[in-house]
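Below is start.txt, which holds compact mmCIF, C-alpha atoms.
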```txt
# COMPACT_ATOMS: atom_id res chain seq x y z
CA LEU A 165 9.14 4.39 11.40
CA GLY A 166 11.39 1.39 10.80
CA LEU A 167 15.04 2.25 11.32
CA GLY A 168 17.61 -0.27 10.09
CA ILE A 169 20.55 0.76 12.24
CA GLY A 170 23.52 -1.57 12.11
CA ARG A 171 26.18 -1.82 14.77
CA GLY A 172 29.04 0.54 14.08
CA ASP A 173 26.84 3.17 12.38
CA GLU A 174 27.03 5.43 15.44
CA ASN A 175 27.04 8.71 13.52
CA ALA A 176 24.07 7.50 11.47
CA GLU A 177 22.21 6.60 14.67
CA VAL A 178 22.62 10.12 16.05
CA LEU A 179 21.73 11.79 12.76
CA VAL A 180 18.66 9.69 12.06
CA LEU A 181 17.30 9.79 15.59
CA GLN A 182 17.65 13.54 15.97
CA GLN A 183 16.44 14.37 12.47
CA TYR A 184 13.33 12.21 12.52
CA LEU A 185 12.27 12.69 16.10
CA ILE A 186 12.83 16.41 16.42
CA ASN A 187 12.05 17.58 12.89
CA TYR A 188 9.21 15.22 12.01
CA GLY A 189 7.62 14.34 15.32
CA TYR A 190 7.84 10.56 15.03
CA LEU A 191 6.97 8.97 18.36
CA SER A 192 8.49 5.52 18.04
CA ALA A 193 10.98 3.49 16.07
CA GLN A 194 11.78 -0.11 15.38
CA LEU A 195 15.51 -0.38 16.01
CA ASP A 196 17.19 -3.36 14.47
CA GLY A 197 20.30 -3.67 12.38
CA GLN A 198 19.07 -7.22 12.10
CA PHE A 199 16.38 -8.77 14.30
CA GLY A 200 17.33 -8.67 17.97
CA SER A 201 20.43 -6.54 17.46
CA ALA A 202 19.42 -3.07 18.63
CA THR A 203 22.25 -1.71 20.73
CA GLU A 204 21.69 -0.34 24.22
CA ARG A 205 23.20 2.94 23.00
CA ALA A 206 20.70 3.21 20.12
CA VAL A 207 17.80 2.57 22.49
CA LYS A 208 18.99 5.23 24.93
CA LEU A 209 19.61 7.79 22.18
CA PHE A 210 16.07 7.43 20.93
CA GLN A 211 14.58 7.62 24.40
CA GLU A 212 16.60 10.74 25.22
CA ALA A 213 14.91 12.36 22.23
CA ASN A 214 11.54 11.47 23.79
CA GLY A 215 10.88 8.48 21.56
CA LEU A 216 9.67 4.97 22.23
CA THR A 217 11.64 1.98 20.99
CA ALA A 218 10.39 -1.40 19.84
CA ASP A 219 13.17 -3.87 19.17
CA GLY A 220 12.62 -6.37 16.37
CA SER A 221 13.11 -9.87 17.75
CA ALA A 222 12.85 -13.32 16.24
CA GLY A 223 13.58 -17.00 16.68
CA ILE A 224 12.61 -20.29 15.10
CA ALA A 225 11.75 -21.62 18.57
CA THR A 226 9.83 -19.88 21.33
CA GLN A 227 12.70 -20.05 23.83
CA THR A 228 15.11 -18.54 21.29
CA ALA A 229 12.69 -15.72 20.56
CA LEU A 230 12.26 -15.17 24.30
CA ARG A 231 16.02 -14.90 24.90
CA ASN A 232 16.41 -12.38 22.06
CA ALA A 233 13.49 -10.31 23.31
CA GLU A 234 14.79 -10.38 26.89
CA ASN A 235 18.10 -8.95 25.65
CA ALA A 236 16.17 -6.06 24.11
CA LYS A 237 14.13 -5.64 27.28
CA TYR A 238 17.26 -5.38 29.41
CA ALA A 239 18.76 -2.90 26.93
CA GLY A 240 15.80 -0.67 27.72
CA ALA A 241 13.38 -1.24 24.84
CA ASP A 242 9.85 -0.05 25.60
CA GLY A 243 8.26 -2.86 23.64
CA ILE A 244 8.91 -5.81 21.35
CA LEU A 245 8.06 -6.34 17.69
CA MET A 246 8.04 -10.14 17.37
CA VAL A 247 8.01 -11.89 14.00
CA THR A 248 6.34 -15.27 13.63
CA PRO A 249 8.58 -18.34 13.99
CA TYR A 250 10.15 -19.21 10.64
CA TYR A 251 11.26 -22.60 9.25
CA ASN A 252 9.25 -24.29 12.01
CA LYS A 253 5.93 -23.99 10.18
CA CYS A 254 3.68 -24.27 13.22
CA SER A 255 -0.10 -24.48 13.31
CA GLN A 256 -2.41 -21.61 14.19
CA ASN A 257 -2.73 -23.06 17.70
CA GLY A 258 1.06 -23.15 17.92
CA LEU A 259 1.28 -19.51 16.86
CA ALA A 260 -1.22 -18.49 19.53
CA GLU A 261 0.64 -20.39 22.25
CA HIS A 262 3.96 -18.93 21.04
CA TYR A 263 2.73 -15.35 21.43
CA PHE A 264 0.85 -16.02 24.68
CA THR A 265 4.04 -17.48 26.21
CA LEU A 266 6.11 -14.47 25.12
CA ALA A 267 3.51 -11.96 26.29
CA ASP A 268 3.25 -13.65 29.70
CA LYS A 269 7.00 -13.84 30.32
CA LEU A 270 8.18 -10.52 28.86
CA GLU A 271 5.58 -8.31 30.52
CA LYS A 272 6.22 -5.67 27.85
CA PRO A 273 3.89 -4.37 25.12
CA LEU A 274 4.18 -6.77 22.20
CA ILE A 275 3.45 -6.13 18.53
CA VAL A 276 2.94 -9.24 16.43
CA TYR A 277 4.77 -9.16 13.09
CA ASN A 278 3.20 -11.20 10.30
CA VAL A 279 5.30 -11.35 7.13
CA PRO A 280 4.49 -14.61 5.30
CA SER A 281 6.69 -13.82 2.30
CA ARG A 282 9.73 -14.11 4.58
CA THR A 283 8.66 -16.72 7.12
CA GLY A 284 6.36 -19.11 5.29
CA VAL A 285 3.82 -18.69 8.11
CA ASN A 286 0.63 -16.62 7.93
CA ILE A 287 -1.50 -15.65 10.93
CA SER A 288 -5.24 -16.07 10.36
CA PRO A 289 -7.89 -13.51 11.36
CA GLU A 290 -9.26 -16.01 13.89
CA THR A 291 -5.83 -16.29 15.55
CA TYR A 292 -5.59 -12.50 15.74
CA GLU A 293 -8.94 -12.56 17.52
CA LYS A 294 -7.50 -14.95 20.13
CA LEU A 295 -4.35 -12.88 20.55
CA SER A 296 -6.37 -9.70 21.03
CA GLU A 297 -7.59 -11.02 24.39
CA HIS A 298 -4.11 -10.81 25.97
CA LYS A 299 -3.46 -7.49 27.71
CA ASN A 300 0.22 -7.35 26.66
CA ILE A 301 -0.44 -7.99 22.95
CA ILE A 302 -1.29 -4.51 21.72
CA GLY A 303 -0.84 -4.50 17.96
CA VAL A 304 0.04 -6.14 14.66
CA LYS A 305 2.44 -5.25 11.89
CA GLU A 306 0.54 -6.86 9.01
CA ALA A 307 2.72 -7.45 5.96
CA ASP A 308 0.30 -9.82 4.24
CA PRO A 309 -0.97 -7.76 1.26
CA ASP A 310 -4.40 -9.45 1.31
CA MET A 311 -6.77 -6.56 2.04
CA GLY A 312 -9.75 -8.90 2.38
CA LYS A 313 -7.96 -10.69 5.20
CA LEU A 314 -7.11 -7.37 6.86
CA ALA A 315 -10.77 -6.32 6.74
CA LYS A 316 -11.83 -9.58 8.40
CA SER A 317 -9.12 -9.27 11.06
CA LEU A 318 -10.17 -5.73 11.91
CA GLU A 319 -13.80 -6.77 12.14
CA LEU A 320 -13.04 -9.71 14.47
CA CYS A 321 -10.66 -7.80 16.74
CA LYS A 322 -12.66 -4.56 16.90
CA GLU A 323 -10.64 -2.05 18.95
CA LYS A 324 -8.78 -4.63 21.02
CA LEU A 325 -5.83 -4.86 18.62
CA THR A 326 -4.24 -2.01 16.64
CA PHE A 327 -3.17 -2.88 13.11
CA TYR A 328 -0.27 -1.24 11.30
CA VAL A 329 0.34 -2.03 7.65
CA GLY A 330 3.80 -3.33 6.80
CA ASN A 331 3.63 -2.55 3.08
CA ASP A 332 4.40 1.00 1.96
CA ASP A 333 2.42 0.55 -1.25
CA LEU A 334 -0.78 -0.21 0.71
CA ILE A 335 -0.82 2.63 3.24
CA THR A 336 -3.95 4.35 1.93
CA ALA A 337 -5.82 1.12 1.24
CA ALA A 338 -5.09 -0.28 4.71
CA ALA A 339 -5.99 2.97 6.46
CA SER A 340 -9.30 3.09 4.59
CA LEU A 341 -10.19 -0.21 6.28
CA GLY A 342 -9.14 0.92 9.73
CA ALA A 343 -5.38 0.39 10.06
CA LYS A 344 -3.87 3.07 12.31
CA GLY A 345 -0.50 3.60 10.66
CA VAL A 346 2.48 1.99 8.99
CA ILE A 347 5.75 0.45 10.11
CA SER A 348 7.58 1.76 7.13
CA VAL A 349 10.62 1.50 4.90
CA LEU A 350 9.76 4.60 2.85
CA SER A 351 9.72 6.76 5.99
CA ASN A 352 13.47 6.34 6.40
CA ILE A 353 14.01 8.76 3.51
CA ALA A 354 10.60 10.45 3.26
CA PRO A 355 9.40 10.79 6.87
CA GLY A 356 7.35 13.96 6.51
CA PHE A 357 5.68 12.77 3.31
CA THR A 358 4.86 9.34 4.76
CA GLN A 359 3.48 10.82 7.94
CA LYS A 360 1.21 13.17 5.98
CA MET A 361 0.00 10.32 3.74
CA VAL A 362 -0.99 8.26 6.79
CA LYS A 363 -2.60 11.16 8.64
CA SER A 364 -4.59 12.21 5.59
CA ALA A 365 -6.04 8.72 5.26
CA ILE A 366 -6.83 8.40 8.96
CA ASP A 367 -8.47 11.83 8.92
CA GLY A 368 -10.69 10.75 6.03
CA LYS A 369 -8.92 12.75 3.33
CA MET A 370 -8.72 9.70 1.12
CA LYS A 371 -8.17 11.42 -2.22
CA GLU A 372 -5.26 13.41 -0.81
CA SER A 373 -3.71 10.26 0.67
CA ALA A 374 -4.36 8.25 -2.50
CA ASP A 375 -2.72 10.91 -4.66
CA MET A 376 0.34 10.81 -2.41
CA GLN A 377 0.37 7.02 -2.54
CA LYS A 378 0.38 7.08 -6.32
CA ASN A 379 3.04 9.79 -6.39
CA ALA A 380 5.37 7.59 -4.32
CA ILE A 381 4.61 4.24 -5.95
CA LYS A 382 7.66 4.16 -8.27
CA LEU A 383 10.02 5.08 -5.45
CA ILE A 384 8.47 2.44 -3.21
CA ALA A 385 8.94 -0.17 -5.94
CA SER A 386 12.59 0.82 -6.23
CA LEU A 387 13.03 0.45 -2.48
CA PHE A 388 11.93 -3.17 -2.84
CA SER A 389 13.80 -3.94 -6.07
CA ASP A 390 16.25 -6.04 -4.05
CA VAL A 391 15.99 -7.82 -0.72
CA ASN A 392 14.90 -5.42 2.03
CA PRO A 393 16.74 -3.63 3.68
CA ILE A 394 19.46 -3.53 1.01
CA PRO A 395 17.84 -0.81 -1.17
CA ILE A 396 16.86 1.46 1.73
CA LYS A 397 20.35 1.25 3.22
CA THR A 398 21.75 2.06 -0.24
CA ALA A 399 19.35 5.00 -0.57
CA MET A 400 20.22 6.36 2.86
CA ALA A 401 23.91 6.08 2.08
CA TYR A 402 23.40 7.95 -1.19
CA LEU A 403 21.66 10.69 0.80
CA SER A 404 24.62 10.81 3.24
CA MET A 405 22.60 9.44 6.15
CA CYS A 406 24.73 6.37 6.87
CA GLY A 407 27.38 4.12 5.42
CA GLU A 408 26.62 1.60 2.68
CA THR A 409 28.09 -1.41 4.50
CA MET A 410 25.96 -4.57 4.41
CA ARG A 411 26.29 -7.38 6.91
CA LEU A 412 26.33 -10.86 5.42
CA PRO A 413 24.27 -12.58 4.20
CA LEU A 414 23.09 -9.22 2.83
CA SER A 415 25.21 -8.00 -0.06
CA PRO A 416 25.43 -4.74 -2.05
CA MET A 417 23.05 -4.08 -4.93
CA THR A 418 24.20 -4.83 -8.44
CA SER A 419 25.36 -1.80 -10.41
CA LEU A 420 22.27 -1.93 -12.62
CA LEU A 421 19.78 -2.05 -9.74
CA ARG A 422 21.67 0.60 -7.80
CA GLU A 423 21.67 2.93 -10.80
CA LYS A 424 17.89 2.51 -11.24
CA LEU A 425 17.34 3.18 -7.53
CA ILE A 426 19.45 6.34 -7.58
CA ASP A 427 17.61 7.57 -10.68
CA GLU A 428 14.27 7.12 -8.92
CA ILE A 429 15.53 8.91 -5.80
CA ASN A 430 16.63 11.85 -7.95
CA ASN A 431 13.22 11.86 -9.65
CA SER A 432 11.51 11.91 -6.24
CA LYS A 433 13.37 14.71 -4.51
CA SER A 434 10.14 16.64 -3.93
CA ILE A 435 8.86 14.00 -1.46
CA LEU A 436 12.07 13.27 0.42
CA TYR A 437 12.62 14.37 4.01
```
What is this structure when it is put down as structure tokens?
Amino acid sequence: LGLGIGRGDENAEVLVLQQYLINYGYLSAQLDGQFGSATERAVKLFQEANGLTADGSAGIATQTALRNAENAKYAGADGILMVTPYYNKCSQNGLAEHYFTLADKLEKPLIVYNVPSRTGVNISPETYEKLSEHKNIIGVKEADPDMGKLAKSLELCKEKLTFYVGNDDLITAAASLGAKGVISVLSNIAPGFTQKMVKSAIDGKMKESADMQKNAIKLIASLFSDVNPIPIKTAMAYLSMCGETMRLPLSPMTSLLREKLIDEINNSKSILY
């Protein structure tokens, strides 16, 4: 479950945390209004509801990423979701050293976040194999849509690294290869549906999961019709789950895109919540 909770949305924090944890049994959440900005209060609220928190952290340099992650650690986060360095387009050896340094110093469970469409950097299967040897590096949020690469990564890492898909439109496909779940945008407004889709695939009920995947595909596309997390924040606001305030450089959706998103939400009421 990926929760985009911005500072100042205190009522939304309480509502979302209680609703999703208690009603839908989610065990963990990524808490970040923007990377590295989970509040101590948000972390404690989630933990009080028996959840685990993984703060999303980032930095273009290893020391910057370390400082941001340490802030989350001191706020009480149980683990760190760390995106690859961006702008500094390092080599595969540099990526490995970056994550090894963070894992050594933080002494917290670390999930590697690979999202090449945002960072311009892509972790190779061979680098995942190296990272899997570190005891503090426990998983990967893989947002590269290349399923062939995911298959190779899973084969090289065996059971030493847990892979979570980062693309809501590839949940069933990734699970069929061996991914163990999703760090999701869709789940913010369709938690029960998303959970069932994942569980069906993991339990081998592939047709059931695939049918659900196809049923949600138009809504998922709408949730990515503008820069993430703008559409999901807009959707949650429309559903009275939070305010619609965006923090710059994020800006509100255009009227046309917002109207199309709302139409798709209304057409998808059967899978929400």
In the coordinate frame of the file, compute which residues have an atom within 8 Å of (10.6, 3.0, 2.3) when using only C-alpha atoms, and state them as a PDB file with C-alpha atoms, keeping the file's coordinate frame.
```
ATOM      1  CA  ASP A 332       4.400   1.000   1.960  1.00  0.00           C
ATOM      2  CA  SER A 348       7.580   1.760   7.130  1.00  0.00           C
ATOM      3  CA  VAL A 349      10.620   1.500   4.900  1.00  0.00           C
ATOM      4  CA  LEU A 350       9.760   4.600   2.850  1.00  0.00           C
ATOM      5  CA  SER A 351       9.720   6.760   5.990  1.00  0.00           C
ATOM      6  CA  ASN A 352      13.470   6.340   6.400  1.00  0.00           C
ATOM      7  CA  ILE A 353      14.010   8.760   3.510  1.00  0.00           C
ATOM      8  CA  ALA A 354      10.600  10.450   3.260  1.00  0.00           C
ATOM      9  CA  ILE A 384       8.470   2.440  -3.210  1.00  0.00           C
ATOM     10  CA  LEU A 387      13.030   0.450  -2.480  1.00  0.00           C
ATOM     11  CA  ILE A 396      16.860   1.460   1.730  1.00  0.00           C
TER      12      ILE A 396
END
```
Residues within 8 Å of Ile394 (chain A), only C-alpha atoms, excluding chain neighbours under 3 positions, as a count of residues only: 9
Close residues, region 335-340 of chain A itself excluded, 10 Å, only C-alpha atoms, min 4 positions apart in chain, as an MDAnalysis selection string: chainID A and resid 306 309:311 314:315 327:331 344:348 358 361:378
Can you write out the residues you just picked, keeping C-alpha atoms, as a PDB file, in the frame of the given file?
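Result file again12.pdb:
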```
ATOM      1  CA  GLU A 306       0.540  -6.860   9.010  1.00  0.00           C
ATOM      2  CA  PRO A 309      -0.970  -7.760   1.260  1.00  0.00           C
ATOM      3  CA  ASP A 310      -4.400  -9.450   1.310  1.00  0.00           C
ATOM      4  CA  MET A 311      -6.770  -6.560   2.040  1.00  0.00           C
ATOM      5  CA  LEU A 314      -7.110  -7.370   6.860  1.00  0.00           C
ATOM      6  CA  ALA A 315     -10.770  -6.320   6.740  1.00  0.00           C
ATOM      7  CA  PHE A 327      -3.170  -2.880  13.110  1.00  0.00           C
ATOM      8  CA  TYR A 328      -0.270  -1.240  11.300  1.00  0.00           C
ATOM      9  CA  VAL A 329       0.340  -2.030   7.650  1.00  0.00           C
ATOM     10  CA  GLY A 330       3.800  -3.330   6.800  1.00  0.00           C
ATOM     11  CA  ASN A 331       3.630  -2.550   3.080  1.00  0.00           C
ATOM     12  CA  LYS A 344      -3.870   3.070  12.310  1.00  0.00           C
ATOM     13  CA  GLY A 345      -0.500   3.600  10.660  1.00  0.00           C
ATOM     14  CA  VAL A 346       2.480   1.990   8.990  1.00  0.00           C
ATOM     15  CA  ILE A 347       5.750   0.450  10.110  1.00  0.00           C
ATOM     16  CA  SER A 348       7.580   1.760   7.130  1.00  0.00           C
ATOM     17  CA  THR A 358       4.860   9.340   4.760  1.00  0.00           C
ATOM     18  CA  MET A 361       0.000  10.320   3.740  1.00  0.00           C
ATOM     19  CA  VAL A 362      -0.990   8.260   6.790  1.00  0.00           C
ATOM     20  CA  LYS A 363      -2.600  11.160   8.640  1.00  0.00           C
ATOM     21  CA  SER A 364      -4.590  12.210   5.590  1.00  0.00           C
ATOM     22  CA  ALA A 365      -6.040   8.720   5.260  1.00  0.00           C
ATOM     23  CA  ILE A 366      -6.830   8.400   8.960  1.00  0.00           C
ATOM     24  CA  ASP A 367      -8.470  11.830   8.920  1.00  0.00           C
ATOM     25  CA  GLY A 368     -10.690  10.750   6.030  1.00  0.00           C
ATOM     26  CA  LYS A 369      -8.920  12.750   3.330  1.00  0.00           C
ATOM     27  CA  MET A 370      -8.720   9.700   1.120  1.00  0.00           C
ATOM     28  CA  LYS A 371      -8.170  11.420  -2.220  1.00  0.00           C
ATOM     29  CA  GLU A 372      -5.260  13.410  -0.810  1.00  0.00           C
ATOM     30  CA  SER A 373      -3.710  10.260   0.670  1.00  0.00           C
ATOM     31  CA  ALA A 374      -4.360   8.250  -2.500  1.00  0.00           C
ATOM     32  CA  ASP A 375      -2.720  10.910  -4.660  1.00  0.00           C
ATOM     33  CA  MET A 376       0.340  10.810  -2.410  1.00  0.00           C
ATOM     34  CA  GLN A 377       0.370   7.020  -2.540  1.00  0.00           C
ATOM     35  CA  LYS A 378       0.380   7.080  -6.320  1.00  0.00           C
TER      36      LYS A 378
END
```
Contacts of Glu261 (chain A) at 12 Å (only C-alpha atoms; same-chain gap of 5+ positions) as a PDB file with C-alpha atoms, keeping the file's coordinate frame:
```pdb
ATOM      1  CA  ALA A 225      11.750 -21.620  18.570  1.00  0.00           C
ATOM      2  CA  THR A 226       9.830 -19.880  21.330  1.00  0.00           C
ATOM      3  CA  THR A 248       6.340 -15.270  13.630  1.00  0.00           C
ATOM      4  CA  PRO A 249       8.580 -18.340  13.990  1.00  0.00           C
ATOM      5  CA  CYS A 254       3.680 -24.270  13.220  1.00  0.00           C
ATOM      6  CA  SER A 255      -0.100 -24.480  13.310  1.00  0.00           C
ATOM      7  CA  GLN A 256      -2.410 -21.610  14.190  1.00  0.00           C
ATOM      8  CA  LEU A 266       6.110 -14.470  25.120  1.00  0.00           C
ATOM      9  CA  ALA A 267       3.510 -11.960  26.290  1.00  0.00           C
ATOM     10  CA  ASP A 268       3.250 -13.650  29.700  1.00  0.00           C
ATOM     11  CA  THR A 291      -5.830 -16.290  15.550  1.00  0.00           C
ATOM     12  CA  TYR A 292      -5.590 -12.500  15.740  1.00  0.00           C
ATOM     13  CA  LYS A 294      -7.500 -14.950  20.130  1.00  0.00           C
ATOM     14  CA  LEU A 295      -4.350 -12.880  20.550  1.00  0.00           C
ATOM     15  CA  HIS A 298      -4.110 -10.810  25.970  1.00  0.00           C
TER      16      HIS A 298
END
```
